[in-house]
$ cat my_file_10.cif   # mmCIF, C-alpha atoms and all ligand atoms
data_query
#
loop_
_atom_site.label_atom_id
_atom_site.label_comp_id
_atom_site.auth_asym_id
_atom_site.auth_seq_id
_atom_site.Cartn_x
_atom_site.Cartn_y
_atom_site.Cartn_z
CA MET A 1 20.71 -6.73 -10.17
CA GLN A 2 22.43 -3.38 -10.51
CA ASP A 3 23.68 -1.53 -7.47
CA ILE A 4 22.29 2.00 -7.88
CA LYS A 5 24.52 4.73 -6.48
CA SER A 6 23.04 8.08 -7.51
CA LYS A 7 19.83 9.89 -8.44
CA GLN A 8 21.29 10.57 -11.89
CA GLU A 9 21.81 6.89 -12.46
CA LEU A 10 18.21 6.25 -11.39
CA SER A 11 16.92 8.85 -13.85
CA ARG A 12 18.97 7.33 -16.66
CA ILE A 13 17.56 3.85 -15.91
CA GLN A 14 14.05 5.30 -15.74
CA LEU A 15 14.26 7.01 -19.12
CA GLU A 16 15.76 3.96 -20.76
CA GLY A 17 13.09 1.71 -19.16
CA LEU A 18 10.26 4.05 -20.05
CA LYS A 19 11.27 4.19 -23.72
CA TRP A 20 11.68 0.42 -23.82
CA THR A 21 8.33 -0.23 -22.10
CA VAL A 22 6.31 2.08 -24.35
CA LYS A 23 7.87 0.63 -27.51
CA HIS A 24 7.51 -2.94 -26.27
CA ALA A 25 3.86 -2.46 -25.32
CA TYR A 26 2.98 -0.59 -28.50
CA GLU A 27 4.56 -3.17 -30.79
CA ASN A 28 3.42 -6.30 -28.99
CA SER A 29 0.10 -5.61 -27.32
CA PRO A 30 -2.97 -4.92 -29.48
CA PHE A 31 -4.56 -3.31 -26.41
CA TYR A 32 -1.76 -0.80 -25.86
CA LYS A 33 -1.47 -0.06 -29.60
CA ARG A 34 -5.18 0.86 -29.74
CA HIS A 35 -4.90 2.75 -26.48
CA PHE A 36 -1.95 4.87 -27.67
CA ASP A 37 -3.34 5.39 -31.17
CA ARG A 38 -6.53 6.73 -29.65
CA ALA A 39 -4.47 9.17 -27.55
CA GLY A 40 -2.43 10.10 -30.66
CA ILE A 41 0.93 9.10 -29.19
CA LYS A 42 3.78 7.06 -30.68
CA PRO A 43 6.75 5.46 -28.89
CA SER A 44 9.07 7.90 -30.67
CA ASP A 45 7.31 10.79 -28.85
CA ILE A 46 8.92 9.70 -25.58
CA LYS A 47 12.18 11.63 -25.37
CA THR A 48 12.42 12.70 -21.73
CA LEU A 49 10.91 11.56 -18.43
CA ASP A 50 8.49 14.51 -18.62
CA ASP A 51 6.91 12.91 -21.67
CA LEU A 52 5.42 10.31 -19.31
CA ALA A 53 2.62 12.82 -18.65
CA ARG A 54 1.56 12.58 -22.32
CA LEU A 55 0.71 8.89 -22.03
CA PRO A 56 -2.88 7.75 -21.42
CA PHE A 57 -3.80 6.11 -18.11
CA THR A 58 -4.42 2.41 -17.71
CA GLU A 59 -7.16 1.41 -15.28
CA ALA A 60 -8.32 -1.72 -13.51
CA ASP A 61 -11.22 -1.95 -15.99
CA HIS A 62 -8.74 -2.47 -18.82
CA LEU A 63 -7.70 -5.70 -17.09
CA LYS A 64 -11.13 -7.11 -17.89
CA GLU A 65 -10.42 -6.84 -21.62
CA ASN A 66 -8.72 -9.81 -23.28
CA TYR A 67 -9.41 -12.09 -20.32
CA PRO A 68 -7.56 -14.28 -19.35
CA PHE A 69 -4.46 -12.47 -20.63
CA PRO A 70 -5.02 -8.73 -20.24
CA LEU A 71 -2.21 -6.35 -21.30
CA LEU A 72 -0.31 -9.33 -22.69
CA SER A 73 2.72 -8.04 -24.58
CA VAL A 74 4.62 -11.27 -25.33
CA PRO A 75 3.68 -14.45 -27.23
CA VAL A 76 1.71 -16.60 -24.84
CA ASP A 77 4.29 -19.42 -24.93
CA GLN A 78 6.75 -17.09 -23.19
CA VAL A 79 4.48 -16.93 -20.16
CA VAL A 80 5.85 -19.20 -17.44
CA ARG A 81 3.36 -18.40 -14.69
CA ILE A 82 0.16 -16.55 -13.90
CA HIS A 83 -1.10 -15.10 -10.64
CA SER A 84 -4.52 -13.84 -9.81
CA SER A 85 -6.27 -11.72 -7.23
CA SER A 86 -9.92 -11.00 -6.69
CA GLY A 87 -9.08 -7.36 -6.08
CA THR A 88 -10.74 -5.45 -3.28
CA THR A 89 -13.68 -4.50 -5.48
CA GLY A 90 -14.65 -7.81 -7.12
CA LYS A 91 -13.79 -9.22 -10.60
CA ARG A 92 -10.75 -11.47 -10.76
CA LYS A 93 -7.56 -10.06 -12.24
CA ILE A 94 -5.08 -12.37 -13.94
CA LEU A 95 -1.51 -11.25 -14.57
CA ALA A 96 1.10 -13.10 -16.62
CA TYR A 97 4.86 -13.41 -16.00
CA THR A 98 7.78 -14.30 -18.25
CA LYS A 99 10.86 -16.05 -16.91
CA LYS A 100 12.58 -12.66 -16.68
CA ASP A 101 9.62 -11.10 -14.85
CA ILE A 102 9.87 -13.78 -12.17
CA GLN A 103 13.63 -13.19 -11.97
CA ASP A 104 13.17 -9.41 -11.60
CA TRP A 105 10.53 -9.85 -8.93
CA THR A 106 12.79 -12.24 -7.01
CA ASP A 107 15.70 -9.77 -7.28
CA PHE A 108 13.84 -6.78 -5.91
CA PHE A 109 12.14 -8.85 -3.25
CA ALA A 110 15.61 -9.91 -2.09
CA ARG A 111 16.48 -6.21 -1.90
CA ALA A 112 13.44 -5.69 0.37
CA TYR A 113 14.59 -8.47 2.73
CA LYS A 114 18.09 -6.99 2.80
CA MET A 115 16.68 -3.60 3.70
CA ALA A 116 14.95 -5.31 6.64
CA GLY A 117 18.28 -6.88 7.61
CA ILE A 118 17.25 -10.43 6.71
CA GLY A 119 19.88 -12.75 5.24
CA PRO A 120 21.77 -16.03 5.74
CA GLY A 121 21.15 -17.48 9.19
CA ASP A 122 17.64 -16.08 9.39
CA ARG A 123 14.61 -18.34 9.48
CA VAL A 124 11.65 -16.77 7.81
CA GLN A 125 8.18 -18.02 8.63
CA ILE A 126 5.93 -17.11 5.73
CA ALA A 127 2.38 -16.87 7.05
CA VAL A 128 0.67 -15.51 3.93
CA GLY A 129 -1.39 -17.15 1.17
CA TYR A 130 0.18 -19.44 -1.40
CA GLY A 131 -1.31 -20.56 -4.71
CA LEU A 132 -2.93 -18.11 -7.07
CA TRP A 133 -2.08 -15.25 -4.74
CA THR A 134 1.23 -13.51 -5.32
CA ALA A 135 2.08 -13.23 -1.65
CA GLY A 136 3.47 -16.66 -0.76
CA ALA A 137 5.43 -17.10 -4.00
CA GLY A 138 7.03 -13.65 -3.67
CA PHE A 139 8.04 -13.93 -0.02
CA GLN A 140 9.41 -17.41 -0.67
CA ALA A 141 11.51 -16.58 -3.75
CA GLY A 142 13.03 -13.46 -2.18
CA CYS A 143 13.84 -15.35 1.01
CA GLU A 144 15.69 -18.12 -0.82
CA LYS A 145 17.50 -15.54 -2.94
CA VAL A 146 19.01 -13.79 0.14
CA GLY A 147 19.99 -17.17 1.54
CA ALA A 148 17.65 -17.28 4.51
CA MET A 149 15.62 -20.38 5.38
CA ALA A 150 12.01 -20.25 4.24
CA ILE A 151 9.38 -21.87 6.47
CA PRO A 152 6.27 -21.82 4.24
CA VAL A 153 3.52 -22.30 6.82
CA GLY A 154 0.94 -20.28 4.89
CA PRO A 155 -1.88 -18.24 6.47
CA GLY A 156 -4.01 -19.01 9.51
CA ASN A 157 -3.57 -22.03 11.80
CA LEU A 158 -2.32 -20.40 15.00
CA GLU A 159 -1.49 -23.80 16.50
CA LEU A 160 0.92 -24.67 13.70
CA GLN A 161 2.36 -21.15 13.60
CA CYS A 162 3.19 -21.29 17.31
CA LYS A 163 4.68 -24.75 17.04
CA PHE A 164 6.93 -23.84 14.12
CA MET A 165 7.97 -20.53 15.65
CA GLN A 166 9.33 -22.48 18.62
CA ASP A 167 10.64 -25.63 16.95
CA MET A 168 12.23 -23.90 13.97
CA GLU A 169 13.48 -20.94 16.05
CA THR A 170 11.92 -18.52 13.58
CA THR A 171 13.67 -15.10 13.50
CA CYS A 172 11.41 -13.31 11.04
CA ILE A 173 7.70 -13.62 10.42
CA CYS A 174 5.87 -12.34 7.33
CA CYS A 175 2.11 -11.79 7.56
CA THR A 176 -0.69 -9.25 7.58
CA SER A 177 -0.89 -6.85 10.53
CA SER A 178 -4.10 -8.42 11.80
CA MET A 179 -2.38 -11.83 11.76
CA ALA A 180 0.66 -10.36 13.53
CA LEU A 181 -1.55 -9.04 16.31
CA LEU A 182 -3.42 -12.36 16.63
CA LEU A 183 -0.16 -14.31 16.76
CA GLY A 184 1.35 -11.89 19.26
CA GLU A 185 -1.66 -12.22 21.55
CA GLU A 186 -1.53 -16.01 21.20
CA ILE A 187 2.15 -16.06 22.22
CA ASN A 188 1.27 -14.22 25.41
CA ARG A 189 -1.85 -16.24 26.10
CA ARG A 190 0.26 -19.42 25.93
CA GLY A 191 3.07 -17.87 27.96
CA ILE A 192 5.71 -18.93 25.41
CA ARG A 193 7.32 -15.58 24.76
CA ASP A 194 10.70 -16.59 26.20
CA ARG A 195 10.83 -19.40 23.63
CA ILE A 196 10.16 -17.08 20.69
CA LYS A 197 13.21 -15.74 18.80
CA VAL A 198 11.39 -13.50 16.29
CA HIS A 199 13.30 -10.21 16.00
CA THR A 200 11.68 -8.93 12.80
CA ILE A 201 8.11 -8.75 11.54
CA ILE A 202 7.40 -7.91 7.91
CA GLN A 203 3.78 -7.04 7.34
CA GLY A 204 1.75 -6.15 4.29
CA SER A 205 1.11 -2.44 4.25
CA GLU A 206 -2.50 -2.19 5.30
CA ARG A 207 -3.82 0.54 7.55
CA CYS A 208 -2.49 -0.22 11.02
CA SER A 209 -2.42 2.32 13.84
CA ASP A 210 0.74 3.17 15.75
CA SER A 211 -0.72 1.70 18.92
CA MET A 212 -1.31 -1.59 17.09
CA ARG A 213 2.30 -1.56 15.86
CA LYS A 214 3.54 -1.03 19.38
CA ALA A 215 1.38 -3.85 20.69
CA ILE A 216 2.66 -6.25 18.00
CA LEU A 217 6.32 -5.47 18.75
CA GLU A 218 5.76 -5.87 22.49
CA HIS A 219 3.89 -9.16 22.16
CA PHE A 220 6.71 -10.68 20.15
CA GLY A 221 9.53 -8.90 21.98
CA ALA A 222 10.74 -8.04 18.45
CA ARG A 223 13.05 -5.19 17.40
CA HIS A 224 11.61 -4.20 14.03
CA LEU A 225 8.31 -4.12 12.24
CA PHE A 226 8.50 -3.35 8.53
CA ASP A 227 5.74 -2.37 6.11
CA ILE A 228 6.10 -4.00 2.72
CA THR A 229 3.95 -2.81 -0.17
CA GLY A 230 2.36 -5.05 -2.77
CA LEU A 231 0.06 -5.11 -5.74
CA THR A 232 -0.68 -8.09 -7.98
CA GLU A 233 -0.50 -5.90 -11.09
CA LEU A 234 2.97 -4.72 -10.02
CA TYR A 235 4.42 -8.27 -9.77
CA GLY A 236 3.04 -8.84 -6.24
CA PRO A 237 4.46 -7.96 -2.81
CA GLY A 238 7.92 -6.41 -2.54
CA PRO A 239 8.08 -3.21 -4.65
CA GLY A 240 8.80 -1.14 -1.53
CA ILE A 241 9.59 -1.43 2.18
CA ASP A 242 10.62 0.90 4.99
CA CYS A 243 14.22 0.85 6.24
CA LYS A 244 15.40 0.51 9.84
CA GLU A 245 14.77 4.23 10.40
CA HIS A 246 11.04 3.55 9.79
CA LYS A 247 10.56 6.97 8.23
CA GLY A 248 8.65 6.04 5.10
CA ILE A 249 8.71 3.31 2.49
CA HIS A 250 11.61 3.18 0.04
CA TYR A 251 10.43 2.07 -3.37
CA TRP A 252 12.38 0.55 -6.24
CA ALA A 253 12.46 3.43 -8.68
CA ASP A 254 14.66 1.40 -11.03
CA TYR A 255 11.75 -1.01 -11.58
CA TYR A 256 8.87 1.45 -11.80
CA ILE A 257 8.09 5.13 -11.89
CA LEU A 258 5.71 6.35 -9.21
CA GLU A 259 3.50 9.36 -9.83
CA ILE A 260 1.29 10.73 -7.06
CA LEU A 261 -1.70 12.42 -8.63
CA ASP A 262 -4.88 14.14 -7.55
CA PRO A 263 -7.51 11.42 -8.25
CA GLU A 264 -9.94 14.04 -9.57
CA THR A 265 -7.77 16.20 -11.83
CA LEU A 266 -5.08 13.55 -12.44
CA GLU A 267 -2.48 16.29 -12.07
CA PRO A 268 0.54 15.82 -9.76
CA VAL A 269 -0.03 16.88 -6.14
CA GLU A 270 2.63 18.84 -4.31
CA ASP A 271 5.22 16.89 -2.33
CA GLY A 272 3.75 15.85 0.99
CA GLN A 273 0.14 16.05 -0.22
CA ILE A 274 -2.00 12.93 -0.42
CA GLY A 275 -2.70 11.55 -3.87
CA GLU A 276 -3.25 8.36 -5.84
CA MET A 277 -0.29 6.14 -6.70
CA VAL A 278 0.06 5.75 -10.46
CA VAL A 279 2.76 3.34 -11.61
CA THR A 280 4.66 2.74 -14.85
CA THR A 281 6.85 -0.35 -14.98
CA LEU A 282 10.30 -0.13 -16.56
CA ARG A 283 11.17 -3.78 -17.27
CA LYS A 284 7.99 -5.82 -17.07
CA GLU A 285 7.64 -8.01 -20.18
CA ALA A 286 4.42 -10.03 -20.00
CA SER A 287 1.98 -7.47 -18.57
CA PRO A 288 3.64 -4.05 -18.53
CA LEU A 289 1.84 -1.24 -16.70
CA ILE A 290 1.74 2.24 -18.18
CA ARG A 291 0.39 4.96 -15.93
CA TYR A 292 -1.66 2.36 -14.10
CA ARG A 293 -4.06 3.85 -11.55
CA THR A 294 -3.65 1.75 -8.42
CA ARG A 295 -6.35 3.66 -6.43
CA ASP A 296 -4.04 3.43 -3.41
CA LEU A 297 -3.37 6.68 -1.63
CA THR A 298 -0.13 7.90 -0.16
CA ARG A 299 2.12 10.95 -0.14
CA ARG A 300 5.68 11.49 -1.22
CA ILE A 301 8.29 11.96 1.50
CA SER A 302 10.93 14.31 0.14
CA GLY A 303 14.56 14.72 1.10
CA PRO A 304 17.22 12.11 1.81
CA CYS A 305 16.54 9.36 4.35
CA PRO A 306 18.95 9.15 7.31
CA CYS A 307 19.74 5.58 6.19
CA GLY A 308 21.49 6.95 3.10
CA SER A 309 19.54 4.88 0.56
CA VAL A 310 19.25 6.45 -2.89
CA PHE A 311 15.75 5.01 -3.30
CA PRO A 312 12.96 7.60 -2.89
CA ARG A 313 10.23 7.27 -0.29
CA HIS A 314 6.49 7.42 0.04
CA ASP A 315 4.33 7.20 3.16
CA ARG A 316 2.39 4.13 4.21
CA ILE A 317 -0.72 3.33 2.19
CA LEU A 318 -3.35 5.69 3.59
CA GLY A 319 -6.48 4.28 1.97
CA ARG A 320 -8.20 4.06 -1.39
CA SER A 321 -9.05 6.93 -3.69
CA ASP A 322 -12.56 5.48 -4.12
CA ASP A 323 -13.18 6.60 -0.54
CA MET A 324 -12.31 10.22 -1.27
CA ILE A 325 -14.87 12.95 -0.62
CA ILE A 326 -14.82 16.50 -1.88
CA PHE A 327 -15.92 19.00 0.73
CA ARG A 328 -15.95 22.71 -0.08
CA GLY A 329 -13.36 22.13 -2.78
CA VAL A 330 -10.99 20.16 -0.53
CA ASN A 331 -10.21 16.48 -1.13
CA ILE A 332 -10.63 14.53 2.09
CA TYR A 333 -9.89 10.89 2.82
CA PRO A 334 -11.31 8.98 5.79
CA GLY A 335 -7.71 8.01 6.61
CA GLN A 336 -6.88 11.63 7.43
CA ILE A 337 -9.62 11.77 10.06
CA ASP A 338 -8.47 8.37 11.36
CA GLU A 339 -4.98 9.78 11.79
CA ILE A 340 -6.16 12.79 13.79
CA LEU A 341 -8.45 10.79 16.06
CA SER A 342 -5.95 8.01 16.72
CA ASP A 343 -3.63 10.52 18.43
CA MET A 344 -6.35 11.58 20.86
CA GLU A 345 -7.09 10.46 24.36
CA GLY A 346 -10.52 10.06 25.94
CA ILE A 347 -12.27 8.76 22.82
CA SER A 348 -12.97 5.29 21.42
CA SER A 349 -11.87 4.13 17.96
CA GLU A 350 -15.39 4.62 16.55
CA TYR A 351 -16.43 7.72 14.64
CA ASN A 352 -18.43 8.71 11.60
CA VAL A 353 -18.66 11.69 9.32
CA LEU A 354 -21.96 13.15 8.16
CA LEU A 355 -22.03 15.56 5.21
CA GLU A 356 -25.09 17.78 4.84
CA ARG A 357 -26.20 20.68 2.72
CA ARG A 358 -27.99 23.55 4.48
CA ASP A 359 -28.98 26.71 2.58
CA GLY A 360 -26.76 25.73 -0.34
CA LYS A 361 -23.71 25.30 1.89
CA ASP A 362 -21.91 22.08 2.81
CA PHE A 363 -21.53 21.12 6.46
CA MET A 364 -19.47 18.38 8.05
CA ILE A 365 -20.44 16.78 11.35
CA VAL A 366 -17.97 14.38 12.92
CA LYS A 367 -19.46 12.12 15.58
CA VAL A 368 -16.93 10.66 17.94
CA GLU A 369 -17.56 8.22 20.78
CA ARG A 370 -16.35 8.98 24.25
CA ASP A 371 -13.98 6.35 25.59
CA ASN A 372 -15.61 3.56 27.61
CA ALA A 373 -14.14 4.94 30.84
CA GLY A 374 -14.30 8.56 29.67
CA ASP A 375 -15.65 11.44 31.73
CA PRO A 376 -18.50 13.43 30.06
CA SER A 377 -17.28 16.62 31.74
CA TRP A 378 -14.31 16.58 29.34
CA ASP A 379 -16.52 16.44 26.24
CA GLU A 380 -16.31 20.14 25.49
CA ASP A 381 -12.52 20.24 25.71
CA ILE A 382 -12.13 17.14 23.53
CA GLN A 383 -14.61 18.47 21.01
CA ARG A 384 -12.81 21.80 20.70
CA HIS A 385 -9.46 20.04 20.43
CA ILE A 386 -10.62 17.79 17.58
CA GLU A 387 -12.19 20.72 15.73
CA LYS A 388 -8.91 22.61 16.00
CA GLU A 389 -6.87 19.65 14.72
CA ILE A 390 -9.22 19.05 11.77
CA LYS A 391 -8.99 22.74 10.91
CA SER A 392 -5.20 22.82 11.05
CA GLN A 393 -4.48 19.44 9.43
CA ILE A 394 -7.21 19.09 6.78
CA MET A 395 -8.05 22.77 6.48
CA VAL A 396 -11.81 22.45 6.74
CA SER A 397 -14.25 23.41 9.49
CA ALA A 398 -16.10 20.52 11.05
CA GLU A 399 -18.65 20.38 13.82
CA VAL A 400 -17.62 17.71 16.32
CA ARG A 401 -20.17 15.94 18.52
CA ILE A 402 -19.12 13.61 21.31
CA VAL A 403 -21.57 10.73 21.81
CA ASP A 404 -21.79 7.99 24.43
CA TYR A 405 -19.64 4.89 24.13
CA GLY A 406 -21.51 2.27 22.06
CA ASP A 407 -23.80 4.82 20.35
CA LEU A 408 -22.32 4.42 16.90
CA PRO A 409 -23.09 1.34 14.80
CA ARG A 410 -20.55 -1.50 14.88
CA SER A 411 -19.68 -3.82 12.03
CA GLU A 412 -17.70 -7.05 11.85
CA ARG A 413 -16.64 -6.08 8.38
CA LYS A 414 -15.22 -2.75 7.25
CA SER A 415 -17.07 -0.03 9.15
CA ARG A 416 -18.89 2.62 7.17
CA ARG A 417 -17.48 6.01 8.13
CA ILE A 418 -18.86 8.51 5.67
CA TYR A 419 -22.54 9.37 5.30
CA ASP A 420 -22.89 11.80 2.43
CA GLN A 421 -26.38 13.32 2.48
CA ARG A 422 -25.73 16.32 0.26
ZN ZN B 501 15.82 4.86 4.76
#
$ encode --input "my_file_10.cif" --output "structure tokens"
Amino acid sequence: MQDIKSKQELSRIQLEGLKWTVKHAYENSPFYKRHFDRAGIKPSDIKTLDDLARLPFTEADHLKENYPFPLLSVPVDQVVRIHSSSGTTGKRKILAYTKKDIQDWTDFFARAYKMAGIGPGDRVQIAVGYGLWTAGAGFQAGCEKVGAMAIPVGPGNLELQCKFMQDMETTCICCTSSMALLLGEEINRRGIRDRIKVHTIIQGSERCSDSMRKAILEHFGARHLFDITGLTELYGPGPGIDCKEHKGIHYWADYYILEILDPETLEPVEDGQIGEMVVTTLRKEASPLIRYRTRDLTRRISGPCPCGSVFPRHDRILGRSDDMIIFRGVNIYPGQIDEILSDMEGISSEYNVLLERRDGKDFMIVKVERDNAGDPSWDEDIQRHIEKEIKSQIMVSAEVRIVDYGDLPRSERKSRRIYDQR
């Protein structure tokens, strides 16, 4: 794997990779050929990185065509492995890998571990799914590549996790954030914290509040908690991770180009604004992605990172574009309201947003529960404070109503937050 030293070098690799990918896909995939022909674009039209914007988008629905080998751009006998995910919205996706794809994935996953400070001498307990899922295979290959010891326990089974953490003197654990919290609580329940040597937690980037992060670190007595990104279509886990500064996720811009676009207009958003991640791979052989709409939302973090890495950064994953609402011309994501409320005291974690139309005008009512031990005499202050924050951070006017603790519906599954009655 190349050692990238400058932005210029990154741009050169990106242009080279973009030209290669478009030509490769056009010449070897009947799907991409049709797709480009329909958009009236030829590989020779790609001369600069700006020409990326001329290419048509690829969407999750395209992965349903040519099942079980969607987007396939190599002869099938060059495929050495497949992985599959059900996706968050049904319908199984199958992605193919050549020998080189597996090698590339392993290489950049090793880079992710190195960024988290994991290497020889570390013992990495991999508590994620193996099999058809990409997670286990990715974490395992990257771990072996950096020369750390892999302990492939797989997901679940708290008993076994606790036993191995002690017996194997695990130093790094890889899991989801909900698993990390469960494990952390279990360590304390069993009173075994002084026998736990975990200094680093690497968790899949799902929405996880700052207070949950703090709790996880405290439970383990660990030094670092890293967010690693992942998408089956983009090899699997590992295409980005935060560094020890924890000021955003560095992503491997020599393996893919990241665009952050307004999900409605599909035009680039300004730096710092939330948009949908759209990815174009630069070296992927079996199932290349060209302007693939991931539906994941984040924002670009501009400027150099204090760690000195040349790799650009984006924020944590802030939700899905399918959850976006348009209110008085402003794009709003439930995650933004989450962010505002999670910084507030005196309220519970439950809220919902009601959108109504009165006299041809849109209104937003945000219902927020008072904290279990909260004092109703503070309601007015809290309400005004939240209204002010929504106004200044999302730039819309909302009417906030504080309700009693337990008034809002609870769900064991993902809670419904938005009620659009317009
Ligand atoms: Zn950094």
$ atom_distance --input "my_file_10.cif" --atom1 "CA of Ala286 (chain A)" --atom2 "CA of Thr229 (chain A)"
21.1 Å
$ closest_residue --input "my_file_10.cif" --among "A:Tyr419, A:Trp133, A:Phe109, A:Phe311" --to "Met364 (chain A)" --atoms "all atoms listed in the file"
A:Tyr419
$ residues_around --input "my_file_10.cif" --residues "Phe327 (chain A)" --least-positions-apart "2" --cutoff "10 Å" --atoms "all atoms listed in the file" --output "ChimeraX atom specification"
/A:324-325,329-332,355,362-364,396-397
$ closest_residue --input "my_file_10.cif" --among "A:Lys42, A:His246, A:Lys64, A:Arg299" --to "Glu27 (chain A)" --atoms "all atoms listed in the file"
A:Lys42
$ atom_distance --input "my_file_10.cif" --atom1 "CA of Asp359 (chain A)" --atom2 "CA of Lys391 (chain A)"
22.0 Å
$ closest_residue --input "my_file_10.cif" --among "A:Cys243, A:Ala96, A:Leu49, A:Cys162" --to "ligand ZN 501 (chain B)" --atoms "all atoms listed in the file"
A:Cys243
$ closest_atom_pairs --input "my_file_10.cif" --of "chain A" --to "ligand ZN 501 (chain B)" --cutoff "6 Å" --atoms "all atoms listed in the file" --output "CSV"
residue,atom,partner,partner_atom,distance
A:Cys243,CA,B:ZN501,ZN,4.6
A:Glu245,CA,B:ZN501,ZN,5.8
A:Cys305,CA,B:ZN501,ZN,4.6
A:Pro306,CA,B:ZN501,ZN,5.9
A:Cys307,CA,B:ZN501,ZN,4.2
A:Ser309,CA,B:ZN501,ZN,5.6
$ residues_around --input "my_file_10.cif" --residues "Gly374 (chain A)" --least-positions-apart "6" --cutoff "12 Å" --atoms "all atoms listed in the file" --output "PDB file with C-alpha atoms, in the frame of the given file"
ATOM      1  CA  GLU A 345      -7.090  10.460  24.360  1.00  0.00           C
ATOM      2  CA  GLY A 346     -10.520  10.060  25.940  1.00  0.00           C
ATOM      3  CA  ILE A 347     -12.270   8.760  22.820  1.00  0.00           C
ATOM      4  CA  SER A 348     -12.970   5.290  21.420  1.00  0.00           C
ATOM      5  CA  ILE A 382     -12.130  17.140  23.530  1.00  0.00           C
ATOM      6  CA  ILE A 402     -19.120  13.610  21.310  1.00  0.00           C
ATOM      7  CA  VAL A 403     -21.570  10.730  21.810  1.00  0.00           C
ATOM      8  CA  ASP A 404     -21.790   7.990  24.430  1.00  0.00           C
ATOM      9  CA  TYR A 405     -19.640   4.890  24.130  1.00  0.00           C
TER      10      TYR A 405
END
$ atom_distance --input "my_file_10.cif" --atom1 "CA of Leu225 (chain A)" --atom2 "CA of Ile201 (chain A)"
4.7 Å
$ closest_residue --input "my_file_10.cif" --among "A:Val198, A:Asp107, A:Ile216, A:Asp315" --to "Pro239 (chain A)" --atoms "all atoms listed in the file"
A:Asp107
$ closest_residue --input "my_file_10.cif" --among "A:Met212, A:Ala127, A:Ile241, A:Val400" --to "Arg370 (chain A)" --atoms "all atoms listed in the file"
A:Val400
$ residues_around --input "my_file_10.cif" --residues "Ile340 (chain A)" --least-positions-apart "5" --cutoff "8 Å" --atoms "all atoms listed in the file" --output "compact mmCIF listing (two decimals) with C-alpha atoms, in the frame of the given file"
# COMPACT_ATOMS: atom_id res chain seq x y z
CA ILE A 386 -10.62 17.79 17.58
CA GLU A 389 -6.87 19.65 14.72
CA ILE A 390 -9.22 19.05 11.77
$ closest_residue --input "my_file_10.cif" --among "A:Pro43, A:Gln166, A:Pro312, A:Gly117" --to "Ser11 (chain A)" --atoms "only C-alpha atoms"
A:Pro312
$ residues_near_point --input "my_file_10.cif" --point "(2.8, -12.3, -19.9)" --cutoff "12 Å" --atoms "all atoms listed in the file" --output "number ranges by chain"
A: 25, 28-29, 68-83, 94-102, 233, 235, 284-289
$ residues_around --input "my_file_10.cif" --residues "Gly240 (chain A)" --least-positions-apart "2" --cutoff "7 Å" --atoms "only C-alpha atoms" --output "PDB file with C-alpha atoms, keeping the file's coordinate frame"
ATOM      1  CA  ALA A 112      13.440  -5.690   0.370  1.00  0.00           C
ATOM      2  CA  ILE A 228       6.100  -4.000   2.720  1.00  0.00           C
ATOM      3  CA  THR A 229       3.950  -2.810  -0.170  1.00  0.00           C
ATOM      4  CA  GLY A 238       7.920  -6.410  -2.540  1.00  0.00           C
ATOM      5  CA  ILE A 249       8.710   3.310   2.490  1.00  0.00           C
ATOM      6  CA  HIS A 250      11.610   3.180   0.040  1.00  0.00           C
ATOM      7  CA  TYR A 251      10.430   2.070  -3.370  1.00  0.00           C
ATOM      8  CA  TRP A 252      12.380   0.550  -6.240  1.00  0.00           C
TER       9      TRP A 252
END
$ residues_around --input "my_file_10.cif" --residues "Ile301 (chain A)" --least-positions-apart "6" --cutoff "7 Å" --atoms "only C-alpha atoms" --output "PyMOL selection string"
chain A and resi 248+271-272+313-315
$ residues_near_point --input "my_file_10.cif" --point "(3.2, -11.2, 22.6)" --cutoff "12 Å" --atoms "all atoms listed in the file" --output "ChimeraX atom specification"
/A:162,180-198,212-222
